[in-house]
$ cat protein_7.cif   # mmCIF, C-alpha atoms and all ligand atoms
data_my_file
loop_
_atom_site.label_atom_id
_atom_site.label_comp_id
_atom_site.auth_asym_id
_atom_site.auth_seq_id
_atom_site.Cartn_x
_atom_site.Cartn_y
_atom_site.Cartn_z
CA MET V 26 -31.14 49.22 -41.95
CA ALA V 27 -28.78 47.18 -39.73
CA LYS V 28 -27.23 44.17 -41.40
CA PRO V 29 -28.32 40.87 -39.77
CA GLN V 30 -25.37 39.41 -37.79
CA THR V 31 -24.10 35.98 -38.75
CA LYS V 32 -24.69 33.54 -35.89
CA LYS V 33 -21.47 32.55 -34.13
CA SER V 34 -20.71 28.82 -34.27
CA LEU V 35 -20.47 26.82 -31.04
CA GLU V 36 -16.92 25.86 -31.97
CA THR V 37 -15.89 29.52 -32.28
CA PHE V 38 -17.60 30.34 -28.99
CA ASN V 39 -15.83 27.44 -27.23
CA GLN V 40 -12.52 28.78 -28.52
CA GLU V 41 -13.33 32.29 -27.34
CA LEU V 42 -14.18 30.97 -23.87
CA ALA V 43 -10.91 29.02 -23.78
CA GLU V 44 -8.98 32.21 -24.52
CA VAL V 45 -10.35 33.78 -21.34
CA HIS V 46 -9.78 30.56 -19.32
CA MET V 47 -13.40 29.51 -19.15
CA THR V 48 -15.24 26.41 -20.33
CA GLY V 49 -18.86 25.75 -21.12
CA GLN V 50 -20.15 22.88 -19.00
CA TRP V 51 -21.75 21.39 -22.15
CA ILE V 52 -18.39 19.96 -23.18
CA TYR V 53 -18.48 17.66 -20.13
CA GLU V 54 -21.59 15.92 -21.33
CA ASP V 55 -19.46 13.30 -22.99
CA LEU V 56 -17.34 12.86 -19.86
CA LEU V 57 -20.42 12.23 -17.75
CA ASN V 58 -21.85 9.80 -20.28
CA ARG V 59 -18.60 7.84 -20.16
CA ALA V 60 -18.95 7.59 -16.36
CA ILE V 61 -22.20 5.67 -16.62
CA GLY V 62 -21.34 2.32 -15.02
CA GLY V 63 -18.29 3.80 -13.26
CA PRO V 64 -14.79 4.98 -14.09
CA ARG V 65 -12.35 3.42 -16.49
CA PRO V 66 -9.59 1.70 -14.53
CA ARG V 67 -6.76 4.21 -14.07
CA GLY V 68 -3.44 2.66 -15.08
CA ASP V 69 -2.68 -0.90 -16.17
CA ALA V 70 -2.62 -4.27 -14.51
CA TYR V 71 1.13 -4.91 -14.48
CA LEU V 72 3.68 -7.27 -12.93
CA TRP V 73 7.33 -6.72 -11.97
CA PRO V 74 9.07 -10.13 -11.76
CA TRP V 75 11.35 -10.62 -8.76
CA LYS V 76 14.22 -11.99 -10.84
CA MET V 77 14.42 -8.76 -12.87
CA VAL V 78 13.91 -6.52 -9.81
CA GLN V 79 16.64 -8.31 -7.87
CA GLU V 80 19.09 -7.90 -10.77
CA LYS V 81 18.36 -4.17 -10.93
CA LEU V 82 18.84 -3.83 -7.17
CA ILE V 83 22.22 -5.53 -7.33
CA GLU V 84 23.17 -3.25 -10.22
CA ALA V 85 21.99 -0.24 -8.20
CA CYS V 86 24.55 -1.17 -5.53
CA ASP V 87 27.36 -0.79 -8.10
CA VAL V 88 26.04 2.26 -9.86
CA LEU V 89 25.05 4.08 -6.70
CA GLU V 90 27.76 3.26 -4.20
CA GLU V 91 26.26 5.44 -1.57
CA SER V 92 23.27 7.50 -2.49
CA PHE V 93 23.22 11.09 -1.23
CA THR V 94 20.04 10.36 0.66
CA ALA V 95 21.21 6.80 1.35
CA ARG V 96 18.01 5.54 -0.28
CA ARG V 97 18.59 2.79 -2.79
CA SER V 98 15.07 2.08 -3.96
CA VAL V 99 13.69 1.02 -7.28
CA LEU V 100 10.12 2.20 -7.73
CA PHE V 101 7.40 0.57 -9.79
CA GLY V 102 6.01 2.98 -12.37
CA ASN V 103 2.77 1.81 -13.90
CA PRO V 104 3.10 1.93 -17.72
CA GLY V 105 -0.44 3.29 -17.95
CA LEU V 106 0.26 6.25 -15.63
CA ASN V 107 2.44 9.29 -16.21
CA ASP V 108 3.93 9.93 -12.82
CA ASN V 109 5.79 7.83 -10.32
CA ALA V 110 2.78 5.77 -9.45
CA THR V 111 2.14 2.05 -9.16
CA THR V 112 -1.60 2.70 -9.00
CA HIS V 113 -3.14 6.17 -9.26
CA THR V 114 -2.85 6.60 -5.43
CA LEU V 115 -0.02 4.26 -4.37
CA LEU V 116 3.66 3.93 -5.06
CA MET V 117 5.43 0.64 -4.38
CA GLY V 118 9.14 -0.10 -4.66
CA ILE V 119 11.94 -2.28 -3.34
CA GLN V 120 14.73 -0.90 -1.20
CA MET V 121 18.09 -2.40 -0.39
CA ILE V 122 20.70 -1.31 2.11
CA LYS V 123 24.16 -2.76 2.08
CA PRO V 124 26.02 -4.13 5.12
CA GLY V 125 26.97 -1.29 7.45
CA GLU V 126 24.78 1.30 5.71
CA VAL V 127 22.44 3.78 7.33
CA ALA V 128 19.50 5.32 5.47
CA TRP V 129 19.33 8.80 7.00
CA ALA V 130 16.62 9.96 9.32
CA HIS V 131 13.89 12.25 8.01
CA ARG V 132 10.15 12.67 8.11
CA HIS V 133 7.43 13.57 5.63
CA THR V 134 3.69 13.81 5.33
CA LEU V 135 3.77 10.79 3.02
CA ALA V 136 2.71 7.70 4.92
CA ALA V 137 4.82 4.61 4.31
CA ILE V 138 4.96 0.94 5.16
CA ARG V 139 7.87 -1.52 4.93
CA PHE V 140 7.41 -5.21 4.34
CA VAL V 141 10.67 -7.07 4.86
CA VAL V 142 11.93 -9.42 2.15
CA LYS V 143 15.43 -10.09 3.49
CA GLY V 144 16.67 -9.13 6.93
CA ASP V 145 17.17 -10.38 10.43
CA GLY V 146 16.56 -9.19 13.96
CA LYS V 147 19.71 -7.05 13.88
CA VAL V 148 18.60 -4.91 10.92
CA PHE V 149 16.22 -2.25 12.15
CA THR V 150 14.14 0.79 11.36
CA VAL V 151 13.83 3.47 14.02
CA VAL V 152 10.44 5.20 14.03
CA ASP V 153 9.99 8.18 16.36
CA GLY V 154 12.77 6.84 18.56
CA GLU V 155 11.52 3.22 18.67
CA LYS V 156 13.66 0.45 17.27
CA CYS V 157 11.72 -1.98 15.06
CA PRO V 158 13.71 -5.12 14.16
CA MET V 159 13.30 -6.20 10.52
CA GLU V 160 12.87 -9.95 10.24
CA PRO V 161 11.59 -11.50 7.00
CA TYR V 162 7.93 -10.59 6.28
CA ASP V 163 7.61 -8.24 9.26
CA LEU V 164 5.45 -5.21 8.51
CA ILE V 165 6.72 -1.90 9.86
CA LEU V 166 4.76 1.32 9.71
CA THR V 167 6.33 4.72 9.25
CA PRO V 168 3.15 6.81 9.48
CA GLN V 169 2.91 10.39 8.24
CA TRP V 170 5.29 12.86 9.91
CA THR V 171 7.15 10.22 11.95
CA TRP V 172 10.96 10.35 12.03
CA HIS V 173 12.48 7.27 10.45
CA ASP V 174 15.90 5.88 9.60
CA HIS V 175 17.05 2.40 8.64
CA GLN V 176 20.25 0.75 9.84
CA ASN V 177 21.97 -2.40 8.71
CA PRO V 178 24.81 -3.35 11.07
CA THR V 179 24.96 -6.92 9.68
CA LYS V 180 27.22 -8.49 7.05
CA GLU V 181 24.33 -9.17 4.64
CA SER V 182 22.27 -6.81 2.50
CA ALA V 183 18.74 -6.12 3.71
CA ILE V 184 15.79 -5.78 1.32
CA TRP V 185 12.21 -4.66 1.84
CA VAL V 186 9.11 -3.52 0.00
CA ASP V 187 8.21 0.15 0.42
CA ALA V 188 4.71 1.40 -0.23
CA LEU V 189 3.63 5.00 0.10
CA ASP V 190 0.67 7.24 -0.71
CA VAL V 191 2.82 9.46 -2.99
CA PRO V 192 0.43 10.00 -5.95
CA PHE V 193 -2.46 10.77 -3.62
CA LEU V 194 -0.48 13.24 -1.49
CA LEU V 195 0.98 14.96 -4.54
CA GLY V 196 -2.49 15.15 -6.10
CA LEU V 197 -3.57 17.12 -3.04
CA ASN V 198 -0.31 19.10 -3.10
CA GLN V 199 0.45 18.19 0.52
CA PRO V 200 4.11 17.12 0.54
CA PHE V 201 6.11 18.33 3.55
CA TYR V 202 9.61 17.01 4.18
CA GLU V 203 12.21 17.56 6.88
CA PRO V 204 15.66 16.00 7.32
CA TYR V 205 16.54 15.09 10.92
CA PRO V 206 18.42 18.08 12.33
CA GLY V 207 22.16 17.68 12.69
CA ASN V 208 22.51 13.92 12.46
CA LYS V 209 22.13 10.90 10.22
CA VAL V 210 20.32 8.91 12.88
CA GLN V 211 17.71 9.94 15.40
CA ALA V 212 17.74 9.66 19.17
CA VAL V 213 16.41 6.34 20.43
CA ARG V 214 14.03 5.87 23.37
CA GLU V 215 16.28 3.97 25.73
CA LYS V 216 13.64 2.80 28.20
CA ARG V 217 11.37 0.04 26.99
CA SER V 218 8.60 1.55 29.12
CA ASP V 219 8.73 4.73 27.01
CA HIS V 220 7.87 2.82 23.82
CA LEU V 221 4.42 3.56 22.41
CA GLN V 222 4.30 -0.01 21.10
CA GLN V 223 4.13 -1.14 24.72
CA ARG V 224 0.75 0.60 24.81
CA THR V 225 -0.92 -1.03 21.80
CA GLY V 226 -1.39 -4.55 23.18
CA LEU V 227 -3.96 -6.16 25.45
CA ILE V 228 -3.25 -3.98 28.47
CA ARG V 229 -2.68 -0.23 28.65
CA PRO V 230 -1.73 2.40 31.23
CA THR V 231 -4.74 3.75 33.10
CA TRP V 232 -3.11 7.09 33.79
CA GLU V 233 -2.34 8.11 30.19
CA LYS V 234 -4.44 9.51 27.41
CA ALA V 235 -4.01 6.81 24.76
CA LYS V 236 -2.53 7.78 21.41
CA GLN V 237 -4.85 6.53 18.68
CA GLU V 238 -2.93 6.89 15.45
CA ASN V 239 0.44 7.35 13.79
CA PHE V 240 2.47 5.45 16.32
CA PRO V 241 5.42 3.32 15.28
CA LEU V 242 4.22 -0.19 14.87
CA ARG V 243 5.73 -3.50 13.95
CA TYR V 244 3.56 -6.49 13.04
CA PRO V 245 6.04 -9.37 13.45
CA TRP V 246 5.60 -12.22 10.96
CA LYS V 247 6.12 -14.69 13.79
CA ASP V 248 2.76 -13.47 15.19
CA ILE V 249 0.95 -12.88 11.90
CA GLU V 250 1.69 -16.18 10.13
CA PRO V 251 0.23 -18.46 12.85
CA GLN V 252 -2.93 -16.31 12.96
CA LEU V 253 -3.30 -16.50 9.19
CA LEU V 254 -2.83 -20.28 9.19
CA ALA V 255 -5.23 -20.67 12.11
CA LEU V 256 -8.02 -19.12 10.01
CA ALA V 257 -7.18 -21.05 6.82
CA ASP V 258 -10.06 -23.52 7.28
CA GLN V 259 -12.67 -20.75 7.35
CA PRO V 260 -14.78 -20.15 4.24
CA GLY V 261 -13.10 -16.75 3.82
CA SER V 262 -14.13 -14.23 1.19
CA PRO V 263 -15.39 -15.69 -2.09
CA TYR V 264 -13.43 -12.92 -3.84
CA ASP V 265 -10.19 -12.89 -1.83
CA GLY V 266 -9.87 -16.16 0.06
CA VAL V 267 -8.60 -15.86 3.64
CA ALA V 268 -7.76 -12.15 3.53
CA LEU V 269 -6.89 -10.45 6.83
CA GLU V 270 -6.29 -6.78 7.44
CA TYR V 271 -3.47 -5.39 9.58
CA VAL V 272 -5.62 -3.25 11.85
CA ASN V 273 -4.77 -0.31 14.03
CA PRO V 274 -4.98 -2.00 17.44
CA MET V 275 -6.14 1.20 19.14
CA THR V 276 -9.11 1.92 16.89
CA GLY V 277 -9.73 -1.47 15.28
CA GLY V 278 -9.68 0.45 11.99
CA ARG V 279 -7.47 0.60 8.92
CA THR V 280 -3.69 0.22 9.09
CA LEU V 281 -3.10 3.92 8.36
CA ARG V 282 -5.28 6.88 7.41
CA THR V 283 -4.47 6.69 3.71
CA LEU V 284 -3.51 3.08 3.14
CA SER V 285 -4.27 -0.31 4.49
CA CYS V 286 -2.36 -3.60 4.40
CA TRP V 287 -3.70 -7.10 3.88
CA ILE V 288 -2.26 -10.57 4.16
CA GLN V 289 -4.13 -13.09 2.07
CA LEU V 290 -3.97 -16.84 1.85
CA LEU V 291 -5.20 -18.76 -1.20
CA ARG V 292 -5.62 -22.44 -0.54
CA PRO V 293 -4.23 -25.05 -2.96
CA GLY V 294 -6.18 -24.82 -6.22
CA GLU V 295 -8.39 -21.98 -4.92
CA HIS V 296 -9.93 -19.83 -7.66
CA THR V 297 -11.74 -16.78 -6.30
CA LYS V 298 -14.83 -15.20 -7.82
CA LYS V 299 -14.44 -12.17 -10.06
CA HIS V 300 -15.11 -8.73 -8.55
CA ARG V 301 -14.17 -5.08 -8.91
CA HIS V 302 -14.02 -2.18 -6.50
CA THR V 303 -13.25 1.51 -6.49
CA SER V 304 -10.04 0.91 -4.50
CA SER V 305 -6.73 -0.03 -6.11
CA ALA V 306 -4.01 -2.30 -4.73
CA ALA V 307 -0.34 -3.21 -5.10
CA TYR V 308 0.69 -6.78 -4.25
CA PHE V 309 3.83 -8.58 -3.14
CA VAL V 310 3.92 -12.37 -3.38
CA VAL V 311 5.15 -13.83 -0.08
CA SER V 312 4.98 -17.43 -1.24
CA GLY V 313 3.43 -19.70 -3.81
CA GLU V 314 2.54 -19.32 -7.44
CA GLY V 315 -0.65 -18.17 -9.05
CA THR V 316 -2.45 -16.03 -11.56
CA THR V 317 -4.42 -12.87 -11.07
CA ILE V 318 -6.68 -12.25 -14.03
CA VAL V 319 -7.38 -8.53 -14.43
CA GLY V 320 -9.80 -7.75 -17.25
CA ASP V 321 -8.39 -9.72 -20.19
CA LYS V 322 -4.85 -9.80 -18.82
CA ALA V 323 -3.40 -12.72 -16.84
CA LEU V 324 -0.66 -11.76 -14.37
CA GLU V 325 1.26 -14.96 -13.68
CA TRP V 326 2.99 -14.49 -10.36
CA ASN V 327 5.67 -16.34 -8.45
CA LYS V 328 7.43 -15.83 -5.12
CA HIS V 329 8.44 -12.20 -4.44
CA ASP V 330 6.95 -10.75 -7.64
CA CYS V 331 5.03 -7.48 -7.31
CA PHE V 332 1.94 -6.49 -9.28
CA ALA V 333 -0.65 -3.76 -9.52
CA VAL V 334 -4.44 -4.02 -9.81
CA PRO V 335 -6.02 -0.69 -10.83
CA ASN V 336 -9.33 0.48 -9.43
CA TRP V 337 -12.65 -0.63 -10.93
CA ALA V 338 -10.97 -3.42 -12.92
CA TRP V 339 -12.58 -6.87 -12.78
CA HIS V 340 -10.16 -9.35 -11.25
CA GLU V 341 -9.92 -12.84 -9.77
CA HIS V 342 -7.10 -14.75 -8.09
CA VAL V 343 -6.00 -18.31 -8.78
CA ASN V 344 -3.59 -20.43 -6.77
CA ARG V 345 -2.00 -22.52 -9.53
CA SER V 346 -0.61 -25.08 -7.13
CA LYS V 347 -2.76 -28.06 -6.18
CA SER V 348 -0.68 -28.82 -3.09
CA GLU V 349 0.81 -25.56 -1.73
CA GLU V 350 -0.79 -22.49 -0.23
CA ALA V 351 -0.09 -19.09 -1.77
CA ILE V 352 0.29 -15.99 0.39
CA LEU V 353 -0.07 -12.43 -0.89
CA PHE V 354 0.74 -9.23 0.96
CA SER V 355 -0.97 -6.13 -0.42
CA VAL V 356 -1.44 -2.44 0.15
CA ASN V 357 -4.66 -0.72 -0.84
CA ASP V 358 -6.21 2.74 -0.81
CA ILE V 359 -9.52 1.67 0.76
CA PRO V 360 -9.14 4.21 3.63
CA ILE V 361 -9.00 7.05 1.09
CA VAL V 362 -12.07 6.07 -0.92
CA GLU V 363 -13.95 5.03 2.22
CA ALA V 364 -13.25 8.36 3.94
CA PHE V 365 -15.30 10.10 1.27
CA GLY V 366 -18.04 7.46 1.03
CA LEU V 367 -16.76 6.37 -2.38
CA TYR V 368 -16.07 2.67 -1.76
CA ARG V 369 -18.13 0.57 -4.15
CA GLU V 370 -17.82 -3.02 -5.14
CA GLU V 371 -19.48 -5.25 -7.73
CA PRO V 372 -21.19 -7.68 -7.84
CA GLU V 373 -21.67 -7.05 -4.07
CA ASN V 374 -19.92 -5.53 -1.08
CA SER V 375 -17.67 -8.23 0.37
CA LEU V 376 -16.11 -6.22 3.21
CA HIS V 377 -17.32 -6.94 6.75
CA THR V 378 -20.64 -8.41 5.65
CA MET V 379 -20.58 -12.00 6.98
CA GLN V 380 -21.42 -13.13 10.49
CA THR V 381 -18.70 -14.21 12.89
CA PRO V 382 -18.94 -17.90 13.96
CA GLN V 383 -21.98 -18.59 16.12
CA VAL V 384 -22.01 -19.83 19.70
CA PRO V 385 -22.06 -23.68 19.64
CA ALA V 386 -25.40 -25.35 20.23
CA ILE V 387 -26.20 -26.06 23.88
CA VAL V 388 -24.99 -29.49 24.95
CA ARG V 389 -27.80 -31.45 26.67
FE FE S 1 11.07 8.30 4.11
FE FE S 2 -10.08 -7.27 -5.10
#
$ encode --input "protein_7.cif" --output "structure tokens"
Amino acid sequence: MAKPQTKKSLETFNQELAEVHMTGQWIYEDLLNRAIGGPRPRGDAYLWPWKMVQEKLIEACDVLEESFTARRSVLFGNPGLNDNATTHTLLMGIQMIKPGEVAWAHRHTLAAIRFVVKGDGKVFTVVDGEKCPMEPYDLILTPQWTWHDHQNPTKESAIWVDALDVPFLLGLNQPFYEPYPGNKVQAVREKRSDHLQQRTGLIRPTWEKAKQENFPLRYPWKDIEPQLLALADQPGSPYDGVALEYVNPMTGGRTLRTLSCWIQLLRPGEHTKKHRHTSSAAYFVVSGEGTTIVGDKALEWNKHDCFAVPNWAWHEHVNRSKSEEAILFSVNDIPIVEAFGLYREEPENSLHTMQTPQVPAIVR
């Protein structure tokens, strides 16, 4: 008579499966249960104060006299994330180039934006042959696979915020990189009429097929600030105040395919309502002082501080001043989550839901 076999335990079976690189789906039950109500925010709400960042940048100039890639950036690593990531999709940092320096030309599939902290019209970034002057608070795009180099022919250091989609691109294993062949700087389009930026305004050539995306683009602060102030008396978003998006002028859509930029004004004393969304964001304080409450953490921010708000974390913004406006620049990953139909917001969707102002009543 055959001896009855002892029943194998589930634990033993799980181990045996693991040895042959397989997993029983039953172990994910717990994971799914934890996703009821949405994900846990990935990474921490965290703030990098400008005073500390500036000191480190100045130190970086001594320690790294000239970097081999001529990139003197300090990057913000979220303490709740393992890799070089400010949020789980975005990487923000601050870059400084000394008088006379050139940050060498290259291109990569990472998309990047620059938001100028200190510069003037003589400091410039060249993107695909187009010179983009870098005045304070200008936004300059270096979209994926565009050649870019930075040059500072002035007597003062230039500083700007960098933000890139590094963690997202690396997660997809899509990094491609290429140094500019044979030279530190790229060829420049000499004729103004050859500039693609000449084709993104109110009028466009009738004989050309218009380029829709990934063109060099500069959003000068001298144009943006008056538009922001002009809308400051509108009700705005109850969750974000007067928040405007830097749109792609050719499509009316997001700033870039993987990231989008906002400029946001909080009126004196304004305290926005609490919300959360599946997108994450990294902020740079242009002016003012305030508090962003994320979960149970209060990020007290002042001029030029940077901070991160992870996805699906409840947050609200407060302008602490009763007399001055506060202005925040931010970069978010809305285009990524939206592309896959994954954008969600609680307690309600606040994006593009309100009516534009109505036609005035007929005067009789
Ligand atoms: Fe780059
Ligand atoms: Fe938000």
$ closest_atom_pairs --input "protein_7.cif" --of "chain V" --to "ligand FE 2 (chain S)" --cutoff "10 Å" --atoms "all atoms listed in the file" --output "Markdown table"
| residue | atom | partner | partner_atom | distance |
| --- | --- | --- | --- | --- |
| V:Tyr264 | CA | S:FE2 | FE | 6.7 |
| V:Asp265 | CA | S:FE2 | FE | 6.5 |
| V:Thr297 | CA | S:FE2 | FE | 9.7 |
| V:Lys298 | CA | S:FE2 | FE | 9.6 |
| V:Lys299 | CA | S:FE2 | FE | 8.2 |
| V:His300 | CA | S:FE2 | FE | 6.3 |
| V:Arg301 | CA | S:FE2 | FE | 6.0 |
| V:His302 | CA | S:FE2 | FE | 6.6 |
| V:Thr303 | CA | S:FE2 | FE | 9.4 |
| V:Ser304 | CA | S:FE2 | FE | 8.2 |
| V:Ser305 | CA | S:FE2 | FE | 8.0 |
| V:Ala306 | CA | S:FE2 | FE | 7.9 |
| V:Thr317 | CA | S:FE2 | FE | 10.0 |
| V:Val319 | CA | S:FE2 | FE | 9.8 |
| V:Val334 | CA | S:FE2 | FE | 8.0 |
| V:Pro335 | CA | S:FE2 | FE | 9.6 |
| V:Asn336 | CA | S:FE2 | FE | 8.9 |
| V:Trp337 | CA | S:FE2 | FE | 9.2 |
| V:Ala338 | CA | S:FE2 | FE | 8.8 |
| V:Trp339 | CA | S:FE2 | FE | 8.1 |
| V:His340 | CA | S:FE2 | FE | 6.5 |
| V:Glu341 | CA | S:FE2 | FE | 7.3 |
| V:His342 | CA | S:FE2 | FE | 8.6 |
| V:Asn357 | CA | S:FE2 | FE | 9.5 |
| V:Glu370 | CA | S:FE2 | FE | 8.8 |
| V:Glu371 | CA | S:FE2 | FE | 10.0 |
| V:Ser375 | CA | S:FE2 | FE | 9.4 |
$ write_last_selection --input "protein_7.cif" --atoms "C-alpha atoms" --output "compact mmCIF listing (two decimals), in the coordinates of the input"
# COMPACT_ATOMS: atom_id res chain seq x y z
CA TYR V 264 -13.43 -12.92 -3.84
CA ASP V 265 -10.19 -12.89 -1.83
CA THR V 297 -11.74 -16.78 -6.30
CA LYS V 298 -14.83 -15.20 -7.82
CA LYS V 299 -14.44 -12.17 -10.06
CA HIS V 300 -15.11 -8.73 -8.55
CA ARG V 301 -14.17 -5.08 -8.91
CA HIS V 302 -14.02 -2.18 -6.50
CA THR V 303 -13.25 1.51 -6.49
CA SER V 304 -10.04 0.91 -4.50
CA SER V 305 -6.73 -0.03 -6.11
CA ALA V 306 -4.01 -2.30 -4.73
CA THR V 317 -4.42 -12.87 -11.07
CA VAL V 319 -7.38 -8.53 -14.43
CA VAL V 334 -4.44 -4.02 -9.81
CA PRO V 335 -6.02 -0.69 -10.83
CA ASN V 336 -9.33 0.48 -9.43
CA TRP V 337 -12.65 -0.63 -10.93
CA ALA V 338 -10.97 -3.42 -12.92
CA TRP V 339 -12.58 -6.87 -12.78
CA HIS V 340 -10.16 -9.35 -11.25
CA GLU V 341 -9.92 -12.84 -9.77
CA HIS V 342 -7.10 -14.75 -8.09
CA ASN V 357 -4.66 -0.72 -0.84
CA GLU V 370 -17.82 -3.02 -5.14
CA GLU V 371 -19.48 -5.25 -7.73
CA SER V 375 -17.67 -8.23 0.37
$ closest_atom_pairs --input "protein_7.cif" --of "chain V" --to "ligand FE 1 (chain S)" --cutoff "7 Å" --atoms "all atoms listed in the file" --output "Markdown table"
| residue | atom | partner | partner_atom | distance |
| --- | --- | --- | --- | --- |
| V:His131 | CA | S:FE1 | FE | 6.2 |
| V:Arg132 | CA | S:FE1 | FE | 6.0 |
| V:His133 | CA | S:FE1 | FE | 6.6 |
| V:His173 | CA | S:FE1 | FE | 6.6 |
$ residues_around --input "protein_7.cif" --residues "Trp246 (chain V)" --least-positions-apart "4" --cutoff "12 Å" --atoms "all atoms listed in the file" --output "list in words"
Phe140, Val141, Val142, Asp145, Gly146, Pro158, Met159, Glu160, Pro161, Tyr162, Asp163, Leu164, Ile165, Glu250, Pro251, Gln252, Leu253, Leu254, Tyr271, Ile288, Val311 and Phe354 of chain V
$ atom_distance --input "protein_7.cif" --atom1 "CA of Trp172 (chain V)" --atom2 "CA of Gln211 (chain V)"
7.6 Å
$ residues_around --input "protein_7.cif" --residues "region 110-114 of chain V" --least-positions-apart "4" --cutoff "8 Å" --atoms "only C-alpha atoms" --output "PDB file with C-alpha atoms, keeping the file's coordinate frame"
ATOM      1  CA  ARG V  67      -6.760   4.210 -14.070  1.00  0.00           C
ATOM      2  CA  GLY V  68      -3.440   2.660 -15.080  1.00  0.00           C
ATOM      3  CA  PHE V 101       7.400   0.570  -9.790  1.00  0.00           C
ATOM      4  CA  GLY V 102       6.010   2.980 -12.370  1.00  0.00           C
ATOM      5  CA  ASN V 103       2.770   1.810 -13.900  1.00  0.00           C
ATOM      6  CA  LEU V 106       0.260   6.250 -15.630  1.00  0.00           C
ATOM      7  CA  ASP V 190       0.670   7.240  -0.710  1.00  0.00           C
ATOM      8  CA  VAL V 191       2.820   9.460  -2.990  1.00  0.00           C
ATOM      9  CA  PRO V 192       0.430  10.000  -5.950  1.00  0.00           C
ATOM     10  CA  PHE V 193      -2.460  10.770  -3.620  1.00  0.00           C
ATOM     11  CA  SER V 305      -6.730  -0.030  -6.110  1.00  0.00           C
ATOM     12  CA  ALA V 306      -4.010  -2.300  -4.730  1.00  0.00           C
ATOM     13  CA  ALA V 307      -0.340  -3.210  -5.100  1.00  0.00           C
ATOM     14  CA  ALA V 333      -0.650  -3.760  -9.520  1.00  0.00           C
ATOM     15  CA  VAL V 334      -4.440  -4.020  -9.810  1.00  0.00           C
ATOM     16  CA  PRO V 335      -6.020  -0.690 -10.830  1.00  0.00           C
ATOM     17  CA  ASP V 358      -6.210   2.740  -0.810  1.00  0.00           C
TER      18      ASP V 358
END
$ residues_around --input "protein_7.cif" --residues "Val186 (chain V)" --least-positions-apart "6" --cutoff "10 Å" --atoms "all atoms listed in the file" --output "short mmCIF file (atom, residue, chain, number, x, y, z; two decimals) with C-alpha atoms, in the coordinates of the input"
data_model
loop_
_atom_site.label_atom_id
_atom_site.label_comp_id
_atom_site.auth_asym_id
_atom_site.auth_seq_id
_atom_site.Cartn_x
_atom_site.Cartn_y
_atom_site.Cartn_z
CA SER V 98 15.07 2.08 -3.96
CA VAL V 99 13.69 1.02 -7.28
CA LEU V 100 10.12 2.20 -7.73
CA MET V 117 5.43 0.64 -4.38
CA GLY V 118 9.14 -0.10 -4.66
CA ILE V 119 11.94 -2.28 -3.34
CA GLN V 120 14.73 -0.90 -1.20
CA MET V 121 18.09 -2.40 -0.39
CA ILE V 138 4.96 0.94 5.16
CA ARG V 139 7.87 -1.52 4.93
CA PHE V 140 7.41 -5.21 4.34
CA VAL V 141 10.67 -7.07 4.86
CA VAL V 142 11.93 -9.42 2.15
CA LYS V 143 15.43 -10.09 3.49
CA TYR V 162 7.93 -10.59 6.28
CA LEU V 164 5.45 -5.21 8.51
CA TYR V 308 0.69 -6.78 -4.25
CA PHE V 309 3.83 -8.58 -3.14
CA HIS V 329 8.44 -12.20 -4.44
CA CYS V 331 5.03 -7.48 -7.31
#
$ atom_distance --input "protein_7.cif" --atom1 "CA of Leu324 (chain V)" --atom2 "CA of Leu72 (chain V)"
6.4 Å
$ atom_distance --input "protein_7.cif" --atom1 "CA of Ala257 (chain V)" --atom2 "CA of Glu350 (chain V)"
9.6 Å
$ residues_near_point --input "protein_7.cif" --point "(-5.0, -8.8, 5.8)" --cutoff "7 Å" --atoms "all atoms listed in the file" --output "list in words"
Ala268, Leu269, Glu270, Tyr271, Cys286, Trp287, Ile288 and Gln289 of chain V
$ closest_residue --input "protein_7.cif" --among "V:Lys76, V:Arg96, V:Lys180, V:Arg345" --to "Gly315 (chain V)" --atoms "all atoms listed in the file"
V:Arg345
$ closest_residue --input "protein_7.cif" --among "V:Asn109, V:Ser312, V:Gln169, V:Ser34" --to "Gln199 (chain V)" --atoms "all atoms listed in the file"
V:Gln169
$ closest_residue --input "protein_7.cif" --among "V:Val388, V:Val213, V:Leu166, V:Leu227" --to "Pro245 (chain V)" --atoms "all atoms listed in the file"
V:Leu166
$ closest_residue --input "protein_7.cif" --among "V:His175, V:His46, V:Arg282, V:Arg214" --to "Asn239 (chain V)" --atoms "all atoms listed in the file"
V:Arg282
$ closest_residue --input "protein_7.cif" --among "V:Leu89, V:Trp75, V:Pro168, V:Ile52" --to "Trp326 (chain V)" --atoms "all atoms listed in the file"
V:Trp75
$ closest_residue --input "protein_7.cif" --among "V:Asp321, V:Asp258, V:Glu44, V:Glu155" --to "Leu221 (chain V)" --atoms "all atoms listed in the file"
V:Glu155
$ decode --input "protein_7.cif" --residues "region 243-256 of chain V" --atoms "C-alpha atoms" --output "mmCIF file, in the first residue's frame"
data_model
loop_
_atom_site.group_PDB
_atom_site.id
_atom_site.type_symbol
_atom_site.label_atom_id
_atom_site.label_comp_id
_atom_site.auth_asym_id
_atom_site.auth_seq_id
_atom_site.Cartn_x
_atom_site.Cartn_y
_atom_site.Cartn_z
ATOM 1 C CA ARG V 243 11.856 80.643 -24.902
ATOM 2 C CA TYR V 244 9.013 82.043 -22.804
ATOM 3 C CA PRO V 245 10.421 85.450 -21.796
ATOM 4 C CA TRP V 246 9.451 86.604 -18.300
ATOM 5 C CA LYS V 247 8.841 90.084 -19.687
ATOM 6 C CA ASP V 248 5.868 88.571 -21.583
ATOM 7 C CA ILE V 249 4.741 86.049 -18.965
ATOM 8 C CA GLU V 250 4.663 88.279 -15.875
ATOM 9 C CA PRO V 251 2.250 90.904 -17.313
ATOM 10 C CA GLN V 252 -0.091 88.114 -18.469
ATOM 11 C CA LEU V 253 -0.033 86.514 -15.035
ATOM 12 C CA LEU V 254 -0.733 89.838 -13.310
ATOM 13 C CA ALA V 255 -3.482 90.645 -15.804
ATOM 14 C CA LEU V 256 -5.386 87.516 -14.710
#
